[in-house]
Each structure stands twice: as structure tokens, then as C-alpha cells.
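Asker: Starting off with a structure, shown below.
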Amino acid sequence: MWGKNTKLDETESADKKFQKELVSGVAALVLLTILERAAEPMYGYQIAKVIDGQTEDSPVFKQGALYPVLRSLEASGLLRSRVEPSTSGPPRRYYQITELGRSTLARWKDMWNQMRTFVDTVMEGEVNGQER
């Protein structure tokens with residue numbers, strides 16, 4: 001019995017690790033896309049709600065994991081932010097995509113599309129023109 005639980009734990013651990021790697025790999029792309037489409041600057045909780053609204057199951061991104069990515073994007077010049085007081089709590093930091101962010105996002109979208117096509121092709125069994 002102990003061996004079966006260990007295998008289950010290992011499987012769950014591997015799944016969590018894979019999910020974490022996927023999220024970290026696409027978080028910047030998703031955040032830049034949301035902010036590019038936004039009519040006005042957004043604060044973290046608003047962004048998290050947009051992301052949550054895109055999934056029917058449990059949230060793919062944990063809200064707390066978004067903030068380090070937002071800070072990193074800002075440090076890279078892809079976003080700018082400003083802090084404004086809030087009537088319903090602590091001050092809010094509003095994020096907006098920069099021109100550098102827009103040009104970077106355009107390149108990243110191309111890279112994403114190439115990678116998605118490649119992964120889909122491999123998973124569908126067409127490697128080097130050969131079926132599985």
C-alpha cells in the first residue's frame with residue numbers, strides 16, 4: 001500500500017511541477033496581452049479577474065504569482081505603473097503596457113504561435129511527416 005501512495009505522490013508532484021513551469025513560461029505573454037487589450041491601466045486584482053474569467057475550472061494562475069511577473073515586466077520597460085489611492089483599501093498599483101511592451105509582445109506572439117504549432121504537430125503524431 002505504501003508504494004502506491006508514493007507513486008501517486010510522485011505523479012501529483014510531477015503534475016504540479018509541470019503546471020508551474022507552463023505558467024511561468026506563459027505568464028508574461030498573457031499579462032502583456034491582457035494589458036495591450038485594456039482600454040485603460042489595470043491593477044493586479046482586475047487582471048487576476050480577467051484571467052479567472054477565461055477558465056471554467058480552477059484558476060490556472062494564482063493571483064499572488066502575477067505580481068512578481070508584473071514587477072519584472074515593469075523593470076524590463078515593458079510595462080509602466082502608477083500608484084493611486086483607493087477608497088476601499090490600500091493604494092492600488094495600475095499597470096499599462098509601453099511601446100516597447102507592444103513591440104515585444106508582437107515578437108512573443110510569433111514565437112508562441114511557432115511553439116504551439118510545433119507542440120500540436122508532435123502531439124498529433126506528425127513528426128518529420130511521419131504518422132505514429
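Numbering starts fresh at 1 for the residues of each chain in the C-alpha cells, the chains themselves are lettered A, B, ... in the order given, and ligands are numbered from 1 as they appear.
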What lies within 12 Å of Thr33 in chain A using only C-alpha atoms, ignoring chain neighbours under 2 positions off, as an NGL selection string?
Answerer: :A and (26-31 or 35-38 or 47 or 50-51 or 78-79 or 96-98 or 101-109)
Asker: Using DSSP on the backbone coordinates, identify the residues of chain A assigned to strand (DSSP E or B); present them as a list of chain:residue names.
Answerer: A:Met42, A:Tyr43, A:Leu79, A:Arg80, A:Ser81, A:Arg82, A:Val83, A:Glu84, A:Pro85, A:Ser86, A:Gly89, A:Pro90, A:Pro91, A:Arg92, A:Arg93, A:Tyr94, A:Tyr95, A:Gln96, A:Ile97, A:Val127, A:Gln130
Asker: Please report the interatomic distance between CA of Gly77 in chain A and CA of Pro41 in chain A in Å with one decimal.
Answerer: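 CA of Pro41 in chain A lies 15.4 Å from CA of Gly77 in chain A.
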Asker: With DSSP run on the backbone, what are the helix (DSSP H, G or I) residues within range 57-117 of chain A? I'd like them as a PDB file with N, CA and C atoms, in the first residue's frame.
Answerer:
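Okay, this is what ended up in out33.pdb:
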```pdb
ATOM      1  N   GLN A  63      -3.234  34.296  -8.076  1.00  0.00           N
ATOM      2  CA  GLN A  63      -3.154  35.753  -8.077  1.00  0.00           C
ATOM      3  C   GLN A  63      -1.804  36.244  -7.549  1.00  0.00           C
ATOM      4  N   GLY A  64      -1.320  35.648  -6.475  1.00  0.00           N
ATOM      5  CA  GLY A  64      -0.052  36.075  -5.900  1.00  0.00           C
ATOM      6  C   GLY A  64       1.137  35.881  -6.826  1.00  0.00           C
ATOM      7  N   ALA A  65       1.018  34.956  -7.761  1.00  0.00           N
ATOM      8  CA  ALA A  65       2.118  34.688  -8.695  1.00  0.00           C
ATOM      9  C   ALA A  65       2.194  35.742  -9.799  1.00  0.00           C
ATOM     10  N   LEU A  66       1.144  36.522  -9.972  1.00  0.00           N
ATOM     11  CA  LEU A  66       1.129  37.529 -11.026  1.00  0.00           C
ATOM     12  C   LEU A  66       2.015  38.728 -10.690  1.00  0.00           C
ATOM     13  N   TYR A  67       2.059  39.096  -9.416  1.00  0.00           N
ATOM     14  CA  TYR A  67       2.754  40.322  -9.024  1.00  0.00           C
ATOM     15  C   TYR A  67       4.255  40.301  -9.312  1.00  0.00           C
ATOM     16  N   PRO A  68       4.958  39.213  -9.044  1.00  0.00           N
ATOM     17  CA  PRO A  68       6.383  39.204  -9.418  1.00  0.00           C
ATOM     18  C   PRO A  68       6.597  39.346 -10.926  1.00  0.00           C
ATOM     19  N   VAL A  69       5.700  38.768 -11.726  1.00  0.00           N
ATOM     20  CA  VAL A  69       5.821  38.875 -13.180  1.00  0.00           C
ATOM     21  C   VAL A  69       5.534  40.315 -13.611  1.00  0.00           C
ATOM     22  N   LEU A  70       4.522  40.939 -13.026  1.00  0.00           N
ATOM     23  CA  LEU A  70       4.230  42.342 -13.343  1.00  0.00           C
ATOM     24  C   LEU A  70       5.428  43.229 -13.001  1.00  0.00           C
ATOM     25  N   ARG A  71       6.033  43.013 -11.829  1.00  0.00           N
ATOM     26  CA  ARG A  71       7.209  43.806 -11.434  1.00  0.00           C
ATOM     27  C   ARG A  71       8.373  43.581 -12.388  1.00  0.00           C
ATOM     28  N   SER A  72       8.572  42.340 -12.799  1.00  0.00           N
ATOM     29  CA  SER A  72       9.654  42.021 -13.733  1.00  0.00           C
ATOM     30  C   SER A  72       9.427  42.687 -15.087  1.00  0.00           C
ATOM     31  N   LEU A  73       8.194  42.657 -15.569  1.00  0.00           N
ATOM     32  CA  LEU A  73       7.874  43.299 -16.844  1.00  0.00           C
ATOM     33  C   LEU A  73       8.075  44.809 -16.759  1.00  0.00           C
ATOM     34  N   GLU A  74       7.745  45.369 -15.625  1.00  0.00           N
ATOM     35  CA  GLU A  74       7.964  46.808 -15.438  1.00  0.00           C
ATOM     36  C   GLU A  74       9.458  47.119 -15.390  1.00  0.00           C
ATOM     37  N   ALA A  75      10.219  46.313 -14.675  1.00  0.00           N
ATOM     38  CA  ALA A  75      11.671  46.524 -14.590  1.00  0.00           C
ATOM     39  C   ALA A  75      12.334  46.409 -15.960  1.00  0.00           C
ATOM     40  N   GLU A  99       5.267  51.142 -25.293  1.00  0.00           N
ATOM     41  CA  GLU A  99       5.516  50.854 -26.712  1.00  0.00           C
ATOM     42  C   GLU A  99       6.510  49.701 -26.854  1.00  0.00           C
ATOM     43  N   LEU A 100       7.534  49.692 -25.995  1.00  0.00           N
ATOM     44  CA  LEU A 100       8.472  48.568 -26.008  1.00  0.00           C
ATOM     45  C   LEU A 100       7.734  47.269 -25.688  1.00  0.00           C
ATOM     46  N   GLY A 101       6.789  47.321 -24.762  1.00  0.00           N
ATOM     47  CA  GLY A 101       5.975  46.157 -24.433  1.00  0.00           C
ATOM     48  C   GLY A 101       5.154  45.672 -25.612  1.00  0.00           C
ATOM     49  N   ARG A 102       4.613  46.615 -26.371  1.00  0.00           N
ATOM     50  CA  ARG A 102       3.806  46.251 -27.553  1.00  0.00           C
ATOM     51  C   ARG A 102       4.662  45.576 -28.625  1.00  0.00           C
ATOM     52  N   SER A 103       5.834  46.131 -28.878  1.00  0.00           N
ATOM     53  CA  SER A 103       6.694  45.523 -29.907  1.00  0.00           C
ATOM     54  C   SER A 103       7.225  44.165 -29.440  1.00  0.00           C
ATOM     55  N   THR A 104       7.531  44.074 -28.158  1.00  0.00           N
ATOM     56  CA  THR A 104       7.978  42.792 -27.607  1.00  0.00           C
ATOM     57  C   THR A 104       6.856  41.763 -27.683  1.00  0.00           C
ATOM     58  N   LEU A 105       5.652  42.169 -27.332  1.00  0.00           N
ATOM     59  CA  LEU A 105       4.506  41.260 -27.388  1.00  0.00           C
ATOM     60  C   LEU A 105       4.288  40.747 -28.803  1.00  0.00           C
ATOM     61  N   ALA A 106       4.426  41.586 -29.797  1.00  0.00           N
ATOM     62  CA  ALA A 106       4.252  41.138 -31.185  1.00  0.00           C
ATOM     63  C   ALA A 106       5.245  40.022 -31.515  1.00  0.00           C
ATOM     64  N   ARG A 107       6.499  40.190 -31.106  1.00  0.00           N
ATOM     65  CA  ARG A 107       7.509  39.142 -31.358  1.00  0.00           C
ATOM     66  C   ARG A 107       7.190  37.890 -30.556  1.00  0.00           C
ATOM     67  N   TRP A 108       6.790  38.052 -29.293  1.00  0.00           N
ATOM     68  CA  TRP A 108       6.486  36.901 -28.443  1.00  0.00           C
ATOM     69  C   TRP A 108       5.281  36.127 -28.960  1.00  0.00           C
ATOM     70  N   LYS A 109       4.299  36.828 -29.513  1.00  0.00           N
ATOM     71  CA  LYS A 109       3.137  36.139 -30.101  1.00  0.00           C
ATOM     72  C   LYS A 109       3.583  35.246 -31.260  1.00  0.00           C
ATOM     73  N   ASP A 110       4.489  35.766 -32.092  1.00  0.00           N
ATOM     74  CA  ASP A 110       5.014  34.952 -33.190  1.00  0.00           C
ATOM     75  C   ASP A 110       5.734  33.719 -32.651  1.00  0.00           C
ATOM     76  N   MET A 111       6.564  33.912 -31.631  1.00  0.00           N
ATOM     77  CA  MET A 111       7.281  32.778 -31.023  1.00  0.00           C
ATOM     78  C   MET A 111       6.298  31.770 -30.440  1.00  0.00           C
ATOM     79  N   TRP A 112       5.260  32.263 -29.767  1.00  0.00           N
ATOM     80  CA  TRP A 112       4.256  31.393 -29.174  1.00  0.00           C
ATOM     81  C   TRP A 112       3.544  30.585 -30.257  1.00  0.00           C
ATOM     82  N   ASN A 113       3.154  31.235 -31.334  1.00  0.00           N
ATOM     83  CA  ASN A 113       2.462  30.537 -32.415  1.00  0.00           C
ATOM     84  C   ASN A 113       3.335  29.455 -33.040  1.00  0.00           C
ATOM     85  N   GLN A 114       4.613  29.742 -33.215  1.00  0.00           N
ATOM     86  CA  GLN A 114       5.535  28.732 -33.739  1.00  0.00           C
ATOM     87  C   GLN A 114       5.639  27.550 -32.774  1.00  0.00           C
ATOM     88  N   MET A 115       5.781  27.841 -31.480  1.00  0.00           N
ATOM     89  CA  MET A 115       5.910  26.769 -30.482  1.00  0.00           C
ATOM     90  C   MET A 115       4.620  25.967 -30.389  1.00  0.00           C
ATOM     91  N   ARG A 116       3.485  26.658 -30.388  1.00  0.00           N
ATOM     92  CA  ARG A 116       2.197  25.959 -30.297  1.00  0.00           C
ATOM     93  C   ARG A 116       2.007  25.028 -31.488  1.00  0.00           C
ATOM     94  N   THR A 117       2.351  25.506 -32.677  1.00  0.00           N
ATOM     95  CA  THR A 117       2.234  24.678 -33.877  1.00  0.00           C
ATOM     96  C   THR A 117       3.146  23.460 -33.770  1.00  0.00           C
TER      97      THR A 117
END
```
Asker: What does the distance from CA of Tyr94 in chain A to CA of Met42 in chain A come to in Å, to one decimal?
Answerer: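 Pair CA of Tyr94 in chain A / CA of Met42 in chain A returns 4.9 Å.
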Asker: To one decimal place in Å, what is the distance between CA of Tyr45 in chain A and CA of Leu22 in chain A?
Answerer: 21.4 Å
Asker: I need the residue nearest Glu40 in chain A from this list: A:Ala14, A:Ser81, A:Phe61, A:Asp9. Use only C-alpha atoms for the distance.
Answerer: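 Using only C-alpha atoms, the shortest distance to Glu40 in chain A belongs to A:Ser81.
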